[in-house]
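Student: First the structure, then my questions, so here it is.
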Amino acid sequence: MISFYRMRQLAPIGAAIAMVACTVACVDKDYDLDNVDLTVGLGKNINLPKDNSTGDICLDDVLDLGTTDFLSVGEDGMYNIDAIDKSEFVAHQAVNRFNVADKKYSGSYTINLGDFAPDKQRRKVKGVADDEIYFESPMVDMDFNVVYQTTVITRLQHIGFNTYLNVDFTFANDLKECLSNIKEMRFKLPQCLELGKAAFRGDSIAVDASNTLVLNNLKPTEGVSFQLNVVGIDLSSTKADGSYMKYVQGDGFHFKGALTIAVVVNESAVDFDKVAVAKDLTVKGNAVLKKFTVLSAIGGFQPRRTFPKVGGVSLANMPSFLNDDAVKLDLYDPQLNINIFSNVPFANKMTGAIVSKDNKGNVIKRLVIPEFSYKANGNSIVSLRRRPSSVKSDTTVIVIPEMCDLIRDVPDSICLVDLEGVGDASETAEIELSKYYEGRLRLSVASGISLGDEALIVYKREYSGWNDHFKDIRFVETTNADGQTSVEGYVKVTANVESKVPAYLRLVACGIDAKGNEISSDRLAVDVQKVIQASKDGKTPAKTEEVIILRPKDSEVFKSLDGIRCRIEMTAKNGKEKVTGVMLNAYNQTIKVTDIAIQKVGKMAIDLN
């Protein structure tokens with residue numbers, strides 16, 4: 001005999017049906033039946049044990065996760081889908097270096113010392129003593145253009161490199177005769193240039209903040225040569241001296257600037273008699289800005305990168321309650337997360353699509369992802385969701401109402417395809433050119449299980465081994481005037497069901513024989529008359545007065561009956577009523593069946609042999 005304790009462990013309605021078999025099989029046969037017909041009425045009611053109810057049966061006893069690795073039950077009891085791409089996808093992004101060829105310049109200036117002869121009016125210059133002569137003039141025009149046709153760099157504020165500016169000055173022979181010493185020469189470089197130190201006759205000399213190099217006590221007979229370290233150019237604005245570099249996307253660079261010299265000499269160093277007869281008092285200058293490679297830049301950048309496929313998550317190895325062809329995994333708010341780490345110093349804008357596939361690789365559904373961005377230098381999450389939600393600052397939510405279409409038919413895998421990224425040129429960033437910056441992407445599905453409108457989960461269970469208790473029972477058959485036979489009677493099971501499950505439960509059941517074959521409804525009909533009502537919040541039990549009719553249509557059917565096969569359909573809707581968005585909990589959401597009563601209607605025939 002099947003114990004009543006075991007009945008408590010069965011699915012609620014399955015337990016109620018099973019109770020019929022148990023109780024009828026346990027009817028006391030110790031009657032004095034010598035003087036009665038083999039066909040007897042057993043009365044209307046069948047007595048059950050006093051404790052005619054089940055214990056609280058939690059969802060964990062019903063929804064068996066099996067060996068699936070993407071469904072789990074959290075410490076709080078909530079069911080979760082938690083699938084992650086096992087292989088992180090790594091992509092690289094770079095802006096290539098580019099070269100600027102040598103730029104050569106020359107110029108000359110005549111120092112007209114005759115204008116400053118002692119018998120002429122002196123030019124007064126601030127900061128120059130009465131016995132000093134001062135000359136200043138732009139001498140070398142340093143303008144240049146560089147063709148650089150690229151769409152990757154949209155604008156620039158600064159470029160960094162490492163090169164040298166070699167400067168040579170020579171003095172005409174007449175000037176050498178007229179001028180024995182130069183007290184001070186000042187070389188003013190374009191202020192948009194970023195300069196390091198200068199090298200002059202083996203010494204390292206600093207350049208001041210205005211890009212001026214000062215050399216003292218020079219001999220015209222020896223000429224002047226020095227080398228300046230140039231490490232960058234500021235493109236952000238036109239400087240006070242009028243120098244600038246401009247960058248035009250798709251065109252290139254335009255530089256404007258000049259090398260200006262200022263000379264201070266003492267009158268005592270000038271031989272004015274020779275000046276009077278001198279024919280050539282020129283200073284000639286040559287400057288060469290050596291070829292350089294741009295190594296760094298500050299500005300806006302939009303390098304592009306296309307990825308045909310980026311990762312994927314597997315949803316294979318489904319638990320049994322998701323394996324039925326009728327299952328619709330319509331979740332209230334499924335979430336597909338793109339987890340991103342980037343050391344790229346500017347944000348990137350992305351477009352692409354998500355596809356779900358069956359176990360043969362065929363595409364089930366494709367959804368286009370609206371353009372999204374991920375931040376520079378750090379971790380970020382782009383969460384694709386069915387519904388809007390407030391999230392942490394490192395997460396961007398993109399609402400795609402059709403999200404559930406990806407998983408509704410329970411795919412084998414979900415992946416990103418046709419992903420294309422471009423730098424967000426609206427941001428200003430400092431980058432190293434030709435450095436392969438890294439972006440790491442990993443796809444994951446992280447979603448609690450709460451039902452959407454069209455959800456359908458199927459739970460199946462079999463209870464067998466009951467034939468010894470049924471094989472000797474048959475119902476009375478009657479024959480009408482036309483000779484047609486029918487079984488007279490049925491068994492009615494009533495019970496009160498209390499459910500904390502936030503879903504409607506619809507039961508379909510049938511009998512099975514010892515081989516597990518379904519007994520046709522033409523022989524035995526199991527009619528479950530009501531749908532178990534859903535708890536509105538997953539906490540407050542909903543009550544249903546359930547009625548189940550077991551109607552034999554063949555008087556010999558119990559000879560082959562060995563058990564029942566149950567199919568429970570869990571849905572969010574029942575007609576116009578629905579319960580959606582409430583998380584399923586394995587331990588706190590329970591079903592309890594109480595006040596189970598079994599009533600025999602009609603007569604049974606019992607073989608006492």
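Order determines the names: the first chain of the structure tokens is A, the second B, and so forth; residues in each chain are numbered 1 upward, and ligands are numbered 1 upward as they are shown.
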If we count only C-alpha atoms and set the cut-off at 6 Å, which residues sit around region 450-460 of chain A, ignoring sequence neighbours fewer than 4 positions away in its own chain? Please answer as a count of residues only.
Tutor: 19
Student: Any chance you could list, as a ChimeraX atom specification, the residues in region 292-418 of chain A that come up strand (DSSP E or B) when DSSP is run on the backbone?
Tutor: /A:292-294,296-301,304-314,328,331,335-342,348-357,363-374,378-385,395-399,413-418
Student: Leaving out region 165-181 of chain A and any residue of its chain fewer than 2 positions from it, which residues lie within 6 Å of it when counting only C-alpha atoms, given as a ChimeraX atom specification?
Tutor: /A:218-221,223-228,269-271,274-275,278,280-289
Student: Since we have the selection now, will you write its residues out, keeping N, CA and C atoms, as a PDB file, in the first residue's frame?
Tutor:
```
ATOM      1  N   LEU A 218      79.067  87.099 -28.200  1.00  0.00           N
ATOM      2  CA  LEU A 218      79.327  86.296 -29.396  1.00  0.00           C
ATOM      3  C   LEU A 218      80.284  87.037 -30.318  1.00  0.00           C
ATOM      4  N   LYS A 219      81.124  86.273 -30.981  1.00  0.00           N
ATOM      5  CA  LYS A 219      82.064  86.830 -31.949  1.00  0.00           C
ATOM      6  C   LYS A 219      81.513  86.612 -33.350  1.00  0.00           C
ATOM      7  N   PRO A 220      81.215  87.688 -34.086  1.00  0.00           N
ATOM      8  CA  PRO A 220      80.716  87.519 -35.453  1.00  0.00           C
ATOM      9  C   PRO A 220      81.637  86.692 -36.321  1.00  0.00           C
ATOM     10  N   THR A 221      82.933  86.767 -36.024  1.00  0.00           N
ATOM     11  CA  THR A 221      83.892  86.002 -36.833  1.00  0.00           C
ATOM     12  C   THR A 221      83.703  84.499 -36.661  1.00  0.00           C
ATOM     13  N   GLY A 223      80.603  83.047 -36.086  1.00  0.00           N
ATOM     14  CA  GLY A 223      79.244  82.607 -36.418  1.00  0.00           C
ATOM     15  C   GLY A 223      78.519  82.087 -35.188  1.00  0.00           C
ATOM     16  N   VAL A 224      77.272  81.729 -35.369  1.00  0.00           N
ATOM     17  CA  VAL A 224      76.446  81.231 -34.265  1.00  0.00           C
ATOM     18  C   VAL A 224      75.668  79.999 -34.731  1.00  0.00           C
ATOM     19  N   SER A 225      75.800  78.911 -33.983  1.00  0.00           N
ATOM     20  CA  SER A 225      75.043  77.680 -34.277  1.00  0.00           C
ATOM     21  C   SER A 225      74.539  77.091 -32.966  1.00  0.00           C
ATOM     22  N   PHE A 226      73.329  76.680 -32.987  1.00  0.00           N
ATOM     23  CA  PHE A 226      72.770  75.997 -31.799  1.00  0.00           C
ATOM     24  C   PHE A 226      71.688  75.025 -32.249  1.00  0.00           C
ATOM     25  N   GLN A 227      71.323  74.152 -31.325  1.00  0.00           N
ATOM     26  CA  GLN A 227      70.301  73.133 -31.600  1.00  0.00           C
ATOM     27  C   GLN A 227      69.243  73.190 -30.505  1.00  0.00           C
ATOM     28  N   LEU A 228      67.992  73.206 -30.928  1.00  0.00           N
ATOM     29  CA  LEU A 228      66.866  73.251 -29.989  1.00  0.00           C
ATOM     30  C   LEU A 228      66.091  71.935 -30.054  1.00  0.00           C
ATOM     31  N   ALA A 269      82.019  98.405 -29.346  1.00  0.00           N
ATOM     32  CA  ALA A 269      82.390  97.243 -30.163  1.00  0.00           C
ATOM     33  C   ALA A 269      82.233  97.527 -31.643  1.00  0.00           C
ATOM     34  N   VAL A 270      81.783  98.760 -31.998  1.00  0.00           N
ATOM     35  CA  VAL A 270      81.526  99.098 -33.401  1.00  0.00           C
ATOM     36  C   VAL A 270      82.612 100.054 -33.902  1.00  0.00           C
ATOM     37  N   ASP A 271      83.193  99.727 -35.048  1.00  0.00           N
ATOM     38  CA  ASP A 271      84.163 100.611 -35.715  1.00  0.00           C
ATOM     39  C   ASP A 271      83.389 101.414 -36.758  1.00  0.00           C
ATOM     40  N   LYS A 274      84.800 102.108 -40.308  1.00  0.00           N
ATOM     41  CA  LYS A 274      84.649 101.019 -41.272  1.00  0.00           C
ATOM     42  C   LYS A 274      83.188 100.870 -41.700  1.00  0.00           C
ATOM     43  N   VAL A 275      82.288 101.204 -40.796  1.00  0.00           N
ATOM     44  CA  VAL A 275      80.870 101.136 -41.144  1.00  0.00           C
ATOM     45  C   VAL A 275      80.575 102.072 -42.300  1.00  0.00           C
ATOM     46  N   ALA A 278      81.529 100.309 -45.434  1.00  0.00           N
ATOM     47  CA  ALA A 278      81.105  98.904 -45.596  1.00  0.00           C
ATOM     48  C   ALA A 278      79.986  98.785 -46.622  1.00  0.00           C
ATOM     49  N   ASP A 280      78.392  95.482 -47.144  1.00  0.00           N
ATOM     50  CA  ASP A 280      77.514  94.334 -46.815  1.00  0.00           C
ATOM     51  C   ASP A 280      77.508  94.116 -45.305  1.00  0.00           C
ATOM     52  N   LEU A 281      76.412  94.481 -44.676  1.00  0.00           N
ATOM     53  CA  LEU A 281      76.279  94.298 -43.224  1.00  0.00           C
ATOM     54  C   LEU A 281      75.129  93.328 -42.909  1.00  0.00           C
ATOM     55  N   THR A 282      75.099  92.219 -43.618  1.00  0.00           N
ATOM     56  CA  THR A 282      73.987  91.268 -43.464  1.00  0.00           C
ATOM     57  C   THR A 282      74.330  90.109 -42.532  1.00  0.00           C
ATOM     58  N   VAL A 283      73.259  89.624 -41.917  1.00  0.00           N
ATOM     59  CA  VAL A 283      73.314  88.376 -41.152  1.00  0.00           C
ATOM     60  C   VAL A 283      72.419  87.380 -41.875  1.00  0.00           C
ATOM     61  N   LYS A 284      72.960  86.218 -42.177  1.00  0.00           N
ATOM     62  CA  LYS A 284      72.182  85.181 -42.861  1.00  0.00           C
ATOM     63  C   LYS A 284      71.875  84.044 -41.878  1.00  0.00           C
ATOM     64  N   GLY A 285      70.611  83.599 -41.928  1.00  0.00           N
ATOM     65  CA  GLY A 285      70.207  82.524 -41.033  1.00  0.00           C
ATOM     66  C   GLY A 285      69.603  81.350 -41.776  1.00  0.00           C
ATOM     67  N   ASN A 286      69.903  80.157 -41.301  1.00  0.00           N
ATOM     68  CA  ASN A 286      69.314  78.914 -41.823  1.00  0.00           C
ATOM     69  C   ASN A 286      68.769  78.110 -40.647  1.00  0.00           C
ATOM     70  N   ALA A 287      67.607  77.550 -40.832  1.00  0.00           N
ATOM     71  CA  ALA A 287      66.990  76.709 -39.798  1.00  0.00           C
ATOM     72  C   ALA A 287      66.430  75.454 -40.457  1.00  0.00           C
ATOM     73  N   VAL A 288      66.646  74.325 -39.806  1.00  0.00           N
ATOM     74  CA  VAL A 288      66.120  73.031 -40.295  1.00  0.00           C
ATOM     75  C   VAL A 288      65.369  72.352 -39.155  1.00  0.00           C
ATOM     76  N   LEU A 289      64.057  72.211 -39.347  1.00  0.00           N
ATOM     77  CA  LEU A 289      63.257  71.418 -38.413  1.00  0.00           C
ATOM     78  C   LEU A 289      63.317  69.977 -38.903  1.00  0.00           C
TER      79      LEU A 289
END
```
Student: Dump as a tab-separated table the rows for residues of region 193-225 of chain A within 7 Å of region 229-237 of chain A: closest atom pair and distance in Å with one decimal, only C-alpha atoms counted, ordered by chain and rising residue number.
Tutor:
```
residue	atom	partner	partner_atom	distance
A:Leu193	CA	A:Ile233	CA	4.6
A:Glu194	CA	A:Gly232	CA	4.8
A:Leu195	CA	A:Val230	CA	4.5
A:Gly196	CA	A:Asn229	CA	4.8
A:Lys197	CA	A:Asn229	CA	5.7
A:Ala198	CA	A:Asn229	CA	6.2
```
Student: Given the selection you just returned, output its residues as a file containing C-alpha atoms, formatted as a PDB file, in the first residue's frame.
Tutor:
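Below is the file again.pdb, written as the result:
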```pdb
ATOM      1  CA  LEU A 193      56.188  75.305 -30.357  1.00  0.00           C
ATOM      2  CA  GLU A 194      56.837  73.257 -27.226  1.00  0.00           C
ATOM      3  CA  LEU A 195      60.586  73.368 -26.630  1.00  0.00           C
ATOM      4  CA  GLY A 196      63.047  71.466 -24.528  1.00  0.00           C
ATOM      5  CA  LYS A 197      66.591  72.644 -23.875  1.00  0.00           C
ATOM      6  CA  ALA A 198      69.077  74.098 -26.343  1.00  0.00           C
TER       7      ALA A 198
END
```
Student: Find the spatial neighbours of region 493-497 of chain A, counting only C-alpha atoms, within a cut-off of 7 Å - ignore same-chain residues fewer than 3 positions away - and output them as a list of chain:residue names.
Tutor: A:Lys543, A:Thr544, A:Glu545, A:Glu546, A:Val547, A:Ile548, A:Ile549, A:Lys592, A:Val593, A:Thr594, A:Asp595, A:Ile596, A:Ala597, A:Ile598, A:Gln599
Student: Would you mind reading off the distance between CA of Glu371 (chain A) and CA of Asp251 (chain A), one decimal, in Å?
Tutor: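 Those two atoms sit 28.9 Å apart.
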Student: Excluding Asp241 (chain A) and residues on its chain fewer than 4 positions from it, collect all residues at most 10 Å away from it, counting only C-alpha atoms, and give them as number ranges by chain.
Tutor: A: 188-192, 210, 257-258
Student: Export N, CA, C and O atoms of the chosen residues as a compact mmCIF listing (two decimals), in the first residue's frame?
Tutor:
```txt
# COMPACT_ATOMS: atom_id res chain seq x y z
N LYS A 188 63.92 84.42 -30.76
CA LYS A 188 62.54 84.18 -30.37
C LYS A 188 61.90 83.19 -31.33
O LYS A 188 61.76 83.47 -32.52
N LEU A 189 61.51 82.01 -30.78
CA LEU A 189 60.88 80.95 -31.57
C LEU A 189 59.36 81.08 -31.51
O LEU A 189 58.83 81.64 -30.56
N PRO A 190 58.65 80.55 -32.50
CA PRO A 190 57.18 80.60 -32.46
C PRO A 190 56.65 80.05 -31.13
O PRO A 190 57.03 78.97 -30.69
N GLN A 191 55.77 80.79 -30.49
CA GLN A 191 55.30 80.42 -29.16
C GLN A 191 54.40 79.18 -29.16
O GLN A 191 54.14 78.60 -28.10
N CYS A 192 53.91 78.76 -30.31
CA CYS A 192 53.10 77.53 -30.35
C CYS A 192 53.96 76.27 -30.30
O CYS A 192 53.44 75.17 -30.10
N SER A 210 58.69 82.34 -22.83
CA SER A 210 58.21 82.96 -24.07
C SER A 210 58.93 82.39 -25.29
O SER A 210 58.86 82.97 -26.38
N GLY A 257 54.58 80.73 -38.40
CA GLY A 257 55.43 81.25 -37.34
C GLY A 257 56.75 81.74 -37.93
O GLY A 257 57.07 81.48 -39.09
N ALA A 258 57.51 82.46 -37.14
CA ALA A 258 58.78 83.01 -37.62
C ALA A 258 59.80 82.97 -36.51
O ALA A 258 59.47 83.03 -35.32
```
Student: Find, counting only C-alpha atoms, the residue in A:Phe272, A:Tyr437, A:Tyr587, A:Tyr148 that gets nearest to Met78 (chain A).
Tutor: A:Tyr587
Student: Between A:Asn112, A:Ser521, A:Ser499, A:Ser106, which one has atoms that come closest to Thr540 (chain A), using only C-alpha atoms?
Tutor: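 Closest to Thr540 (chain A), using only C-alpha atoms: A:Ser499.
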Student: Excluding Ala525 (chain A) and any residue of its chain fewer than 4 positions from it, enumerate the residues within 7 Å of it, using only C-alpha atoms, and give them as a list in words.
Tutor: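 Close residues of Ala525 (chain A): Cys510, Ser521, Leu550, Arg551 and Pro552 of chain A.
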Student: How about saving the chosen residues, C-alpha atoms kept, as a CSV table (one decimal), in the first residue's frame?
Tutor:
```csv
chain,number,residue,atom,x,y,z
A,510,CYS,CA,-4.1,10.5,-17.7
A,521,SER,CA,-9.3,8.7,-22.6
A,550,LEU,CA,-12.0,9.9,-12.6
A,551,ARG,CA,-14.5,8.4,-15.0
A,552,PRO,CA,-13.9,4.8,-16.2
```
Student: Determine, counting only C-alpha atoms, which protein, DNA and RNA residues have an atom within 12 Å of an atom of Thr478 (chain A); residues of the same chain fewer than 6 positions away are not included. Present the result as a ChimeraX atom specification.
Tutor: /A:484-489,553-555,602-604
